[in-house]
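Dumped input16.cif below, it's mmCIF, C-alpha atoms and all ligand atoms:
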data_input
#
loop_
_atom_site.label_atom_id
_atom_site.label_comp_id
_atom_site.auth_asym_id
_atom_site.auth_seq_id
_atom_site.Cartn_x
_atom_site.Cartn_y
_atom_site.Cartn_z
CA MET A 1 78.86 147.72 91.11
CA ASN A 2 80.84 150.96 91.06
CA ASP A 3 84.23 152.04 89.76
CA SER A 4 85.93 151.20 93.05
CA THR A 5 84.98 147.52 92.78
CA GLU A 6 88.18 145.45 92.42
CA LEU A 7 89.15 145.07 88.77
CA HIS A 8 91.42 142.31 87.46
CA ASP A 9 92.73 141.34 84.05
CA VAL A 10 91.41 137.81 84.49
CA VAL A 11 89.34 136.03 87.10
CA MET A 12 89.51 132.24 86.97
CA VAL A 13 86.68 130.16 88.36
CA GLY A 14 88.12 127.03 90.00
CA ALA A 15 91.73 126.15 90.85
CA GLY A 16 92.03 122.68 89.37
CA PRO A 17 94.76 121.65 86.91
CA ALA A 18 93.23 123.66 84.02
CA ALA A 19 93.05 126.96 85.91
CA LEU A 20 96.38 126.50 87.70
CA ALA A 21 98.13 125.88 84.37
CA ALA A 22 96.36 128.88 82.84
CA ALA A 23 97.35 131.04 85.83
CA LEU A 24 100.98 130.02 85.44
CA TYR A 25 100.90 131.30 81.85
CA THR A 26 98.95 134.52 82.51
CA THR A 27 101.01 135.55 85.54
CA ARG A 28 104.24 134.99 83.62
CA GLU A 29 102.86 137.50 81.10
CA ASP A 30 102.22 139.96 83.95
CA ILE A 31 98.47 139.56 83.53
CA ASP A 32 96.88 140.26 86.91
CA THR A 33 95.19 136.92 87.82
CA VAL A 34 92.81 135.95 90.61
CA LEU A 35 91.44 132.42 91.09
CA TYR A 36 88.43 131.43 93.19
CA GLU A 37 88.30 127.87 94.53
CA LYS A 38 85.31 126.53 96.46
CA GLY A 39 86.77 123.09 97.17
CA VAL A 40 90.27 121.67 97.03
CA ILE A 41 93.09 123.55 95.30
CA GLY A 42 94.17 121.08 92.61
CA GLY A 43 90.60 119.99 91.87
CA LEU A 44 89.88 116.33 91.21
CA ALA A 45 93.59 115.70 90.73
CA ALA A 46 94.07 116.48 94.44
CA ILE A 47 91.59 113.83 95.52
CA THR A 48 93.02 111.16 93.22
CA ASP A 49 95.27 108.71 95.00
CA TRP A 50 97.91 108.24 92.32
CA VAL A 51 98.54 109.68 88.85
CA ASP A 52 100.55 107.55 86.43
CA ASN A 53 99.88 109.32 83.15
CA TYR A 54 100.91 112.93 83.67
CA PRO A 55 103.90 113.53 81.40
CA GLY A 56 107.21 114.34 83.07
CA PHE A 57 106.76 112.03 86.06
CA PRO A 58 108.09 108.64 84.90
CA ASP A 59 107.32 106.94 88.21
CA GLY A 60 103.93 108.57 88.65
CA LEU A 61 103.09 110.73 91.66
CA ALA A 62 100.40 111.17 94.32
CA GLY A 63 97.50 113.37 93.21
CA LEU A 64 97.99 115.59 96.25
CA GLU A 65 101.64 116.10 95.37
CA LEU A 66 100.82 117.05 91.78
CA ALA A 67 98.19 119.50 93.05
CA ASP A 68 100.71 121.06 95.41
CA LYS A 69 103.29 121.42 92.64
CA LEU A 70 100.75 123.01 90.27
CA GLN A 71 99.69 125.46 92.98
CA LYS A 72 103.27 126.41 93.92
CA GLN A 73 104.23 126.94 90.28
CA ALA A 74 101.24 129.23 89.67
CA GLU A 75 101.84 131.16 92.90
CA ARG A 76 105.53 131.57 92.13
CA PHE A 77 104.63 134.03 89.39
CA GLY A 78 101.94 135.83 91.37
CA ALA A 79 98.65 133.94 91.02
CA ASP A 80 96.26 135.08 93.77
CA ILE A 81 94.24 132.01 94.84
CA ARG A 82 91.22 132.85 97.02
CA LEU A 83 89.04 130.37 98.89
CA GLY A 84 85.51 131.14 97.77
CA GLU A 85 82.77 130.24 95.35
CA VAL A 86 81.74 132.07 92.21
CA GLN A 87 77.97 132.36 92.08
CA LYS A 88 77.25 134.45 88.99
CA ILE A 89 78.95 136.02 85.97
CA THR A 90 77.32 139.00 84.25
CA ASN A 91 78.42 140.69 81.06
CA THR A 92 78.49 144.45 81.49
CA GLY A 93 80.02 145.27 78.11
CA ASN A 94 83.81 145.25 78.10
CA LEU A 95 83.92 144.16 81.72
CA LYS A 96 82.46 141.13 83.49
CA GLU A 97 80.94 141.28 86.93
CA ILE A 98 81.66 138.25 89.11
CA GLU A 99 79.64 137.55 92.22
CA THR A 100 81.51 135.47 94.77
CA THR A 101 80.92 134.37 98.36
CA ASP A 102 83.64 136.94 99.18
CA GLY A 103 81.90 139.82 97.41
CA LEU A 104 81.81 141.34 93.96
CA VAL A 105 84.81 141.71 91.64
CA ARG A 106 85.19 142.85 88.06
CA ALA A 107 87.41 141.44 85.34
CA LYS A 108 88.33 142.16 81.76
CA THR A 109 88.25 138.42 81.05
CA VAL A 110 87.07 135.29 82.83
CA LEU A 111 88.24 131.68 82.58
CA ILE A 112 85.72 129.07 83.69
CA ALA A 113 87.55 125.89 84.72
CA THR A 114 85.09 124.45 87.20
CA GLY A 115 85.46 120.80 86.20
CA SER A 116 82.84 118.36 87.35
CA ASP A 117 81.45 116.61 90.39
CA TYR A 118 80.48 113.03 91.16
CA LYS A 119 77.15 111.80 89.89
CA LYS A 120 74.79 110.24 92.40
CA LEU A 121 72.95 106.95 91.89
CA GLY A 122 69.58 108.37 92.92
CA ILE A 123 68.48 105.16 94.67
CA PRO A 124 66.81 104.56 98.04
CA GLY A 125 69.26 104.73 100.95
CA GLU A 126 71.87 106.83 99.12
CA GLU A 127 71.00 110.17 100.74
CA GLU A 128 70.13 108.61 104.09
CA TYR A 129 73.52 106.94 104.51
CA TYR A 130 75.66 109.68 102.94
CA ALA A 131 79.06 109.64 104.72
CA ARG A 132 77.70 106.94 107.02
CA GLY A 133 78.32 104.14 104.54
CA VAL A 134 77.80 105.81 101.16
CA HIS A 135 80.87 107.60 99.80
CA TYR A 136 82.17 109.35 96.68
CA CYS A 137 85.80 109.94 97.73
CA ALA A 138 88.00 106.89 98.29
CA THR A 139 91.09 108.88 99.29
CA CYS A 140 89.05 110.65 101.99
CA ASP A 141 86.96 107.85 103.42
CA GLY A 142 88.63 104.57 102.42
CA ALA A 143 90.57 104.34 105.68
CA PHE A 144 87.32 103.73 107.59
CA TYR A 145 86.94 100.39 105.81
CA ARG A 146 90.00 98.53 107.07
CA ASP A 147 89.17 94.80 106.99
CA LYS A 148 85.58 95.54 105.99
CA LYS A 149 83.52 94.47 103.00
CA ILE A 150 82.40 97.08 100.52
CA VAL A 151 80.61 97.52 97.22
CA VAL A 152 82.06 99.79 94.52
CA VAL A 153 79.65 100.95 91.80
CA GLY A 154 80.86 101.87 88.30
CA GLY A 155 82.78 100.52 85.33
CA GLY A 156 84.92 103.44 84.11
CA ASN A 157 88.47 104.54 84.92
CA SER A 158 87.56 106.10 88.26
CA ALA A 159 85.68 103.03 89.53
CA VAL A 160 88.48 100.65 88.61
CA GLN A 161 91.28 102.93 89.82
CA GLU A 162 89.54 103.61 93.12
CA SER A 163 88.72 99.91 93.61
CA ILE A 164 92.42 99.15 93.31
CA PHE A 165 93.15 101.87 95.89
CA LEU A 166 90.46 100.54 98.23
CA THR A 167 92.03 97.05 98.26
CA LYS A 168 94.59 98.63 100.62
CA PHE A 169 91.87 98.73 103.23
CA ALA A 170 88.87 96.53 102.43
CA SER A 171 88.86 92.78 103.02
CA HIS A 172 86.64 92.28 99.97
CA ILE A 173 85.12 94.41 97.20
CA ASP A 174 82.10 93.57 95.06
CA LEU A 175 82.42 95.77 91.98
CA LEU A 176 79.01 96.32 90.38
CA VAL A 177 79.18 97.24 86.68
CA ARG A 178 75.91 98.05 84.89
CA GLY A 179 77.21 97.16 81.41
CA ASP A 180 78.59 93.86 80.15
CA SER A 181 82.20 95.12 80.12
CA PHE A 182 84.44 97.79 81.61
CA ARG A 183 84.82 101.24 80.05
CA ALA A 184 88.11 101.59 81.94
CA SER A 185 91.46 101.57 80.13
CA GLU A 186 93.10 98.23 79.38
CA ILE A 187 96.02 98.94 81.70
CA LEU A 188 93.70 99.60 84.65
CA GLN A 189 91.76 96.41 83.90
CA GLN A 190 95.02 94.44 83.91
CA GLU A 191 96.00 96.06 87.21
CA LEU A 192 92.62 95.17 88.70
CA LYS A 193 93.14 91.52 87.76
CA LYS A 194 96.14 91.46 90.10
CA HIS A 195 93.67 92.01 92.94
CA SER A 196 91.25 89.24 91.98
CA ASP A 197 91.70 87.67 95.43
CA LYS A 198 89.94 90.72 96.89
CA VAL A 199 87.73 92.03 94.08
CA THR A 200 84.76 90.23 92.54
CA VAL A 201 83.41 91.88 89.40
CA HIS A 202 79.67 91.64 88.66
CA PHE A 203 78.80 92.74 85.12
CA ASN A 204 75.22 93.49 83.97
CA THR A 205 74.42 94.47 87.52
CA SER A 206 72.48 97.58 88.44
CA THR A 207 72.52 98.93 91.97
CA GLU A 208 68.97 99.24 93.25
CA ARG A 209 68.88 99.91 96.99
CA ILE A 210 71.11 100.59 99.99
CA ILE A 211 69.86 99.12 103.23
CA GLY A 212 71.05 99.80 106.75
CA LYS A 213 70.38 99.20 110.39
CA GLU A 214 70.98 101.52 113.35
CA GLY A 215 72.51 104.20 111.13
CA LYS A 216 74.96 101.86 109.38
CA VAL A 217 74.93 100.32 105.92
CA THR A 218 74.46 96.56 106.07
CA GLU A 219 73.40 95.53 102.58
CA VAL A 220 73.34 96.59 98.94
CA GLN A 221 70.69 95.15 96.65
CA GLY A 222 71.18 94.82 92.92
CA HIS A 223 69.64 93.30 89.83
CA ASN A 224 71.33 91.23 87.15
CA SER A 225 69.83 92.19 83.80
CA LYS A 226 70.98 88.96 82.12
CA SER A 227 69.99 86.33 84.67
CA LYS A 228 67.08 88.55 85.86
CA LYS A 229 68.12 87.64 89.40
CA GLU A 230 67.93 89.93 92.41
CA LEU A 231 71.27 90.13 94.20
CA SER A 232 72.18 90.99 97.75
CA PHE A 233 75.60 91.98 99.08
CA ALA A 234 76.20 92.07 102.84
CA VAL A 235 78.63 94.97 103.19
CA ASP A 236 79.64 97.84 105.47
CA GLY A 237 79.89 100.54 102.84
CA VAL A 238 79.40 101.62 99.24
CA PHE A 239 81.67 103.77 97.07
CA VAL A 240 80.02 105.29 94.00
CA PHE A 241 82.00 106.23 90.84
CA ILE A 242 79.47 106.35 88.02
CA GLY A 243 80.68 109.40 86.16
CA LEU A 244 80.71 113.13 86.51
CA LEU A 245 78.38 116.09 86.10
CA PRO A 246 79.74 119.46 84.92
CA ASN A 247 79.88 122.22 87.53
CA THR A 248 77.85 124.74 85.53
CA GLY A 249 74.80 125.22 87.78
CA PHE A 250 75.97 128.77 88.56
CA LEU A 251 75.71 129.67 84.86
CA LYS A 252 71.98 128.95 84.57
CA GLY A 253 70.23 131.95 83.11
CA SER A 254 73.49 133.52 81.89
CA ASP A 255 74.41 134.19 78.25
CA ILE A 256 76.92 131.34 78.26
CA ASP A 257 75.76 128.50 76.01
CA LEU A 258 75.86 124.95 77.35
CA ASP A 259 75.49 121.67 75.47
CA ASP A 260 72.83 118.98 76.14
CA ILE A 261 74.62 117.68 79.22
CA GLY A 262 75.44 121.08 80.66
CA MET A 263 79.04 121.40 79.48
CA ILE A 264 80.26 124.77 78.20
CA LYS A 265 80.38 125.27 74.44
CA THR A 266 83.47 127.07 73.14
CA ASN A 267 84.90 128.07 69.76
CA GLU A 268 88.40 127.16 68.51
CA SER A 269 89.85 129.90 70.76
CA LEU A 270 88.18 128.28 73.80
CA GLU A 271 85.97 131.38 74.06
CA THR A 272 82.36 130.88 75.16
CA SER A 273 79.29 132.56 73.71
CA MET A 274 79.96 135.46 76.13
CA SER A 275 82.75 137.55 74.66
CA GLY A 276 85.84 137.61 76.90
CA VAL A 277 84.74 134.54 78.86
CA PHE A 278 86.77 131.41 78.16
CA ALA A 279 86.45 127.79 79.33
CA ALA A 280 89.01 125.02 79.76
CA GLY A 281 89.34 121.53 81.19
CA ASP A 282 86.69 118.98 82.17
CA VAL A 283 83.86 121.52 82.10
CA ARG A 284 84.32 122.28 78.39
CA SER A 285 82.15 120.51 75.85
CA GLY A 286 84.42 118.01 74.07
CA ALA A 287 86.93 117.76 76.93
CA THR A 288 88.86 114.50 77.17
CA MET A 289 88.77 114.47 80.99
CA GLN A 290 92.47 114.04 81.69
CA ILE A 291 94.84 116.12 83.77
CA ALA A 292 97.28 116.50 80.87
CA SER A 293 94.54 117.73 78.54
CA ALA A 294 93.15 120.05 81.25
CA THR A 295 96.55 121.70 81.76
CA GLY A 296 97.01 121.87 77.96
CA GLU A 297 93.67 123.59 77.56
CA GLY A 298 94.55 125.89 80.45
CA ALA A 299 97.73 126.97 78.65
CA THR A 300 95.82 127.49 75.39
CA ALA A 301 93.10 129.51 77.12
CA ALA A 302 95.76 131.70 78.78
CA LEU A 303 97.30 132.52 75.39
CA MET A 304 93.86 133.32 73.98
CA ILE A 305 93.16 135.55 76.97
CA ARG A 306 96.42 137.37 76.38
CA LYS A 307 95.41 137.92 72.76
CA TYR A 308 91.93 139.11 73.78
CA LEU A 309 93.42 141.56 76.29
CA GLU A 310 95.74 143.17 73.74
CA PRO A 311 93.18 145.24 71.77
CA HIS A 312 91.01 145.69 74.86
CA ALA A 313 93.86 146.89 77.13
CA MET B 314 89.35 132.26 119.88
CA PRO B 315 88.78 128.55 120.55
CA LYS B 316 90.71 126.81 123.32
CA ASN B 317 91.77 123.96 121.13
CA ILE B 318 91.30 122.58 117.62
CA THR B 319 91.85 118.94 116.64
CA ILE B 320 91.63 117.67 113.07
CA PHE B 321 91.25 114.00 112.20
CA THR B 322 92.88 113.35 108.80
CA THR B 323 94.29 110.65 106.53
CA ASN B 324 97.39 110.74 104.31
CA THR B 325 95.52 110.95 101.01
CA CYS B 326 92.67 113.30 101.91
CA GLY B 327 92.73 116.52 99.84
CA TYR B 328 89.93 118.16 101.83
CA CYS B 329 92.01 117.66 105.02
CA VAL B 330 94.82 119.66 103.44
CA MET B 331 92.35 122.45 102.68
CA VAL B 332 91.07 122.60 106.28
CA LYS B 333 94.66 122.80 107.54
CA LYS B 334 95.54 125.49 104.97
CA TRP B 335 92.46 127.52 105.86
CA LEU B 336 93.04 127.30 109.64
CA SER B 337 96.69 128.29 109.21
CA ALA B 338 95.72 131.22 106.97
CA LYS B 339 93.33 132.40 109.70
CA GLY B 340 96.07 132.08 112.34
CA HIS B 341 94.63 129.09 114.22
CA ALA B 342 96.89 126.41 115.68
CA TYR B 343 95.58 122.84 115.59
CA GLU B 344 96.48 119.34 116.62
CA GLU B 345 96.34 116.71 113.87
CA VAL B 346 95.34 113.10 114.39
CA ASN B 347 96.29 111.08 111.31
CA LEU B 348 94.08 108.00 111.19
CA ASP B 349 96.51 106.22 108.85
CA THR B 350 99.30 106.39 111.39
CA ASP B 351 96.97 106.28 114.40
CA PRO B 352 94.14 103.93 113.35
CA ILE B 353 93.32 103.18 116.95
CA ARG B 354 91.68 106.62 117.20
CA GLN B 355 89.21 105.86 114.41
CA GLN B 356 86.44 104.91 116.84
CA GLU B 357 86.89 108.22 118.64
CA ALA B 358 86.52 110.05 115.30
CA ILE B 359 83.35 108.13 114.45
CA ALA B 360 81.89 108.70 117.93
CA LEU B 361 82.55 112.47 117.69
CA SER B 362 81.13 112.95 114.21
CA GLY B 363 78.71 110.08 113.72
CA GLN B 364 80.22 109.77 110.22
CA LEU B 365 82.82 107.69 108.41
CA SER B 366 84.52 110.58 106.69
CA VAL B 367 87.47 112.92 107.15
CA PRO B 368 88.36 115.70 107.72
CA ILE B 369 86.70 115.93 111.12
CA THR B 370 87.47 119.18 112.91
CA VAL B 371 86.73 119.32 116.63
CA VAL B 372 86.65 122.85 118.02
CA THR B 373 86.79 123.14 121.81
CA LYS B 374 85.55 126.55 122.90
CA GLN B 375 86.66 128.57 125.95
CA ASP B 376 83.67 127.25 127.93
CA ASP B 377 84.72 123.66 127.02
CA THR B 378 81.74 123.07 124.74
CA GLN B 379 82.67 121.34 121.50
CA GLU B 380 81.64 121.85 117.91
CA VAL B 381 82.33 119.16 115.33
CA VAL B 382 82.57 119.99 111.62
CA VAL B 383 82.81 117.18 109.07
CA GLY B 384 84.34 117.94 105.68
CA TYR B 385 85.82 121.11 104.22
CA ASN B 386 82.83 123.27 104.96
CA LEU B 387 83.77 126.92 105.44
CA ALA B 388 80.17 127.94 106.10
CA LYS B 389 80.33 125.83 109.29
CA LEU B 390 84.04 126.06 110.06
CA ALA B 391 84.26 129.87 110.05
CA PRO B 392 81.59 130.45 112.76
CA ALA B 393 82.86 127.45 114.76
CA VAL B 394 86.36 128.92 115.20
CA SER B 395 85.32 132.57 115.56
C1 LIG C 1 88.82 109.24 90.85
C2 LIG C 1 89.45 109.95 89.70
C3 LIG C 1 90.70 109.54 89.25
C4 LIG C 1 91.32 110.23 88.18
N1 LIG C 1 92.55 109.82 87.75
C5 LIG C 1 93.17 110.45 86.74
C6 LIG C 1 94.47 110.05 86.30
O1 LIG C 1 95.07 109.10 86.83
N2 LIG C 1 95.02 110.75 85.26
C7 LIG C 1 94.40 111.80 84.65
O2 LIG C 1 94.97 112.38 83.72
N3 LIG C 1 93.17 112.20 85.05
C8 LIG C 1 92.55 111.55 86.07
N4 LIG C 1 91.28 111.97 86.47
C9 LIG C 1 90.66 113.11 85.78
C10 LIG C 1 91.27 114.44 86.23
O3 LIG C 1 91.26 114.52 87.64
C11 LIG C 1 90.52 115.60 85.61
O4 LIG C 1 90.48 115.45 84.21
C12 LIG C 1 91.16 116.96 85.94
O5 LIG C 1 91.28 117.15 87.33
C13 LIG C 1 90.35 118.10 85.32
O6 LIG C 1 90.88 119.32 85.70
P1 LIG C 1 89.99 120.65 85.71
O7 LIG C 1 90.87 121.72 86.20
O8 LIG C 1 89.34 120.79 84.40
O9 LIG C 1 88.80 120.35 86.73
P2 LIG C 1 88.79 119.91 88.26
O10 LIG C 1 90.00 119.13 88.60
O11 LIG C 1 87.47 119.27 88.47
O12 LIG C 1 88.85 121.29 89.05
C14 LIG C 1 87.80 122.20 89.03
C15 LIG C 1 87.79 122.99 90.31
O13 LIG C 1 86.82 124.03 90.23
C16 LIG C 1 86.21 124.18 91.51
N5 LIG C 1 84.89 124.84 91.33
C17 LIG C 1 83.78 124.31 90.76
N6 LIG C 1 82.78 125.22 90.74
C18 LIG C 1 83.28 126.35 91.33
C19 LIG C 1 82.72 127.63 91.62
N7 LIG C 1 81.47 127.96 91.27
N8 LIG C 1 83.49 128.55 92.25
C20 LIG C 1 84.78 128.24 92.61
N9 LIG C 1 85.35 127.03 92.36
C21 LIG C 1 84.62 126.10 91.72
C22 LIG C 1 86.10 122.77 92.02
O14 LIG C 1 85.99 122.76 93.44
C23 LIG C 1 87.41 122.15 91.52
O15 LIG C 1 88.43 122.21 92.50
C24 LIG C 1 90.66 111.32 87.55
C25 LIG C 1 89.41 111.73 88.02
C26 LIG C 1 88.80 111.07 89.07
C27 LIG C 1 87.45 111.51 89.54
#

I need this file expressed as structure tokens, please.
Amino acid sequence: MNDSTELHDVVMVGAGPAALAAALYTTREDIDTVLYEKGVIGGLAAITDWVDNYPGFPDGLAGLELADKLQKQAERFGADIRLGEVQKITNTGNLKEIETTDGLVRAKTVLIATGSDYKKLGIPGEEEYYARGVHYCATCDGAFYRDKKIVVVGGGNSAVQESIFLTKFASHIDLLVRGDSFRASEILQQELKKHSDKVTVHFNTSTERIIGKEGKVTEVQGHNSKSKKELSFAVDGVFVFIGLLPNTGFLKGSDIDLDDIGMIKTNESLETSMSGVFAAGDVRSGATMQIASATGEGATAALMIRKYLEPHA
Amino acid sequence: MPKNITIFTTNTCGYCVMVKKWLSAKGHAYEEVNLDTDPIRQQEAIALSGQLSVPITVVTKQDDTQEVVVGYNLAKLAPAVS
């Protein structure tokens, strides 16, 4: 690094709802803001079919539309969104050094809003049939299962919401839930019941193996922990929604403290253990994993960043 | 510069939007095949990519060879269109 390396007031890692909301606030304060996004601008919100619980949209709206609106609003005030991945953050005193796939930049402050990624099952057949029958994104790959039978794995909000979405395409869905009840919200469970002609729910059922023939998935094997029976589902595909893992791999070995499950610890100002580095949204330890809370945390983090920049300006 | 770029997409696919944004930012024109409005072309998409996933970007080079990139994968897309 030398003095000619780009220097910004704040570099944000990720451009999901948390960072886009934060960028809207910082840019309106004339704080020079750069965001790096390695995936989809809008984050997980952009790959969610429909969002019914984001305040201000009484009829709900498509996830992609919300993502687009968040991006436009941030860019309107000057947010610079770059397509690239942040690989390392180093504290060099008052400044932070940020290594990206686009090169090195420096910043007075950093906001980490990297959210989380889908967890894998870790069972035989999962890797082998990835994108050939095993999927983690219903809005991307659901259309390939028109009039086909599928298994959906999971019992939380995502699994139930995505099962409902997949009924648009699939002829039948076997929903495999490891526990004896759903963790999904009551309203989603009620909505799922409206699709009982297409969706069969199997509680106490673990997913054990994915079997295929000639490069295609043909069967999913499971185990019922109550009846102790082995189960077999003849299907064309499997969609997995069993929870999320925080995107903090790039922080390994840094001075930023993580909790037991790899989420970023922050204080009441959303500042991490590295001074001048803040965290917001799904990646933050204690996050409530909602778009509204992610944008709220983004706004809070932006105000804390402004405060941090004042004496350091 | 490639001769032609075709992207297979669906209405709800966020990664498809990113591929389109990236190609436009780099000044590349493309033809879009939306599998929701044109489901008949699904078999073609599967045959080209061997996968059941969009986006599928098919880059036809000047010598008529083709490169197929599945997903929003800039590490593969950037050299394919260069
Ligand atoms: C299927 C599904 C349905 C959902 N439905 C709803 C709903 O109806 N209502 C609701 O309120 N919430 C819903 N959620 C949750 C909601 O999407 C998240 O809470 C919200 O998107 C979190 O925002 P975020 O900005 O913290 O993280 P994310 O949205 O995860 O965004 C983080 C971004 O950071 C990027 N990134 C990660 N690492 C790096 C790196 N090293 N460098 C650069 N970029 C990086 C990622 O690519 C990603 O785009 C749903 C989630 C899922 C999975």

- With distances taken over all atoms listed in the file, which of A:Phe165, A:Phe250, A:Phe203, A:Tyr25 is nearest to ligand LIG 1 (chain C)?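 Of the candidates, the smallest distance to ligand LIG 1 (chain C) is held by A:Phe250.
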
Provide as a compact mmCIF listing (two decimals) with C-alpha atoms, in the frame of the given file the residues of chain B at most 9 Å from chain A, counting all atoms listed in the file.
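To be explicit, this is the file written out as selection.txt:
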# COMPACT_ATOMS: atom_id res chain seq x y z
CA THR B 322 92.88 113.35 108.80
CA THR B 323 94.29 110.65 106.53
CA ASN B 324 97.39 110.74 104.31
CA THR B 325 95.52 110.95 101.01
CA CYS B 326 92.67 113.30 101.91
CA GLY B 327 92.73 116.52 99.84
CA TYR B 328 89.93 118.16 101.83
CA CYS B 329 92.01 117.66 105.02
CA VAL B 330 94.82 119.66 103.44
CA MET B 331 92.35 122.45 102.68
CA TRP B 335 92.46 127.52 105.86
CA LEU B 348 94.08 108.00 111.19
CA ASP B 349 96.51 106.22 108.85
CA PRO B 352 94.14 103.93 113.35
CA GLN B 355 89.21 105.86 114.41
CA GLY B 363 78.71 110.08 113.72
CA GLN B 364 80.22 109.77 110.22
CA LEU B 365 82.82 107.69 108.41
CA SER B 366 84.52 110.58 106.69
CA VAL B 367 87.47 112.92 107.15
CA PRO B 368 88.36 115.70 107.72
CA TYR B 385 85.82 121.11 104.22
CA ASN B 386 82.83 123.27 104.96
CA LEU B 387 83.77 126.92 105.44

- Counting only C-alpha atoms, select every polymer residue within 10 Å of (90.0, 131.8, 114.3) as defined in the file's coordinates, and provide the selection as number ranges by chain. B: 314-315, 318, 335-342, 390-395

- Item | Best match for closeness to Asn317 (chain B) among B:Asp351, B:Glu380, B:Val332, B:Leu361, counting only C-alpha atoms | B:Glu380

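Considering the residues A:Asp180, A:Glu310, A:Ala292, A:Ser4 and counting all atoms listed in the file, Gly56 (chain A) has its shortest atom-to-atom contact with A:Ala292.
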
As JSON, please report the centre and edge lengths, rounded to one decimal in Å, of the axis-aligned box that holds all listed atoms of region 270-276 of chain A with 6 Å of padding on each of the six sides.
{"center_x": 83.7, "center_y": 132.9, "center_z": 75.3, "size_x": 20.9, "size_y": 21.3, "size_z": 15.2}

- Can you find the residues with an atom no farther than 7 Å from (88.2, 121.0, 117.1), counting all atoms listed in the file, and report them as a list in words?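 Residues with an atom at most 7 Å from (88.2, 121.0, 117.1): Asn317, Ile318, Thr319, Ile320, Thr370, Val371, Val372, Thr373, Glu380 and Val381 of chain B.
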
- Message: For a test of reading the model, state the distance in Å between CA of Thr205 (chain A) and CA of Val160 (chain A), rounded to one decimal.
- Response: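 Going from CA of Thr205 (chain A) over to CA of Val160 (chain A), I get 15.4 Å.
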
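The shortest atom-to-atom distance to ligand LIG 1 (chain C), with all atoms listed in the file taken into account, belongs to A:Glu85 out of A:Glu208, A:Asp259, A:Glu85, A:Glu191.
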
- Determine, counting only C-alpha atoms, which protein, DNA and RNA residues have an atom within 9 Å of an atom of region 149-152 of chain A; residues of the same chain fewer than 2 positions away are not included. Present the result as a PyMOL selection string. chain A and resi 145-147+154+159-160+162-163+170-177+220+233-241

Selected residues written out, C-alpha atoms, as a compact mmCIF listing (two decimals), keeping the file's coordinate frame:
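The result, written out as again.txt:
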# COMPACT_ATOMS: atom_id res chain seq x y z
CA TYR A 145 86.94 100.39 105.81
CA ARG A 146 90.00 98.53 107.07
CA ASP A 147 89.17 94.80 106.99
CA GLY A 154 80.86 101.87 88.30
CA ALA A 159 85.68 103.03 89.53
CA VAL A 160 88.48 100.65 88.61
CA GLU A 162 89.54 103.61 93.12
CA SER A 163 88.72 99.91 93.61
CA ALA A 170 88.87 96.53 102.43
CA SER A 171 88.86 92.78 103.02
CA HIS A 172 86.64 92.28 99.97
CA ILE A 173 85.12 94.41 97.20
CA ASP A 174 82.10 93.57 95.06
CA LEU A 175 82.42 95.77 91.98
CA LEU A 176 79.01 96.32 90.38
CA VAL A 177 79.18 97.24 86.68
CA VAL A 220 73.34 96.59 98.94
CA PHE A 233 75.60 91.98 99.08
CA ALA A 234 76.20 92.07 102.84
CA VAL A 235 78.63 94.97 103.19
CA ASP A 236 79.64 97.84 105.47
CA GLY A 237 79.89 100.54 102.84
CA VAL A 238 79.40 101.62 99.24
CA PHE A 239 81.67 103.77 97.07
CA VAL A 240 80.02 105.29 94.00
CA PHE A 241 82.00 106.23 90.84

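Of the listed residues (A:Arg306, A:Lys119, A:His8, A:Lys198), A:Lys119 comes nearest to ligand LIG 1 (chain C); the distances count all atoms listed in the file.
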
- Figure out the distance between CA of Leu66 (chain A) and CA of Ala287 (chain A), please, to one decimal in Å. 20.3 Å

- Note on the structure: Using only C-alpha atoms, the best pick from A:Ile291, A:Ala301, A:Ala74, A:Ala184 as closest to Glu268 (chain A) would be A:Ala301

- Within 7 Å of Val10 (chain A), counting only C-alpha atoms, which residues show up once you throw out same-chain ones fewer than 2 positions away? Write them as a list of chain:residue names, please.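 The residues that qualify are A:His8, A:Met12, A:Asp32, A:Thr33, A:Val34, A:Ala107, A:Lys108, A:Thr109, A:Val110.
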
- Query: Distance atom N3 of ligand LIG 1 (chain C)-CA of Pro58 (chain A), one decimal place?
  - Reply: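 For atom N3 of ligand LIG 1 (chain C) relative to CA of Pro58 (chain A), the distance reads 15.3 Å.
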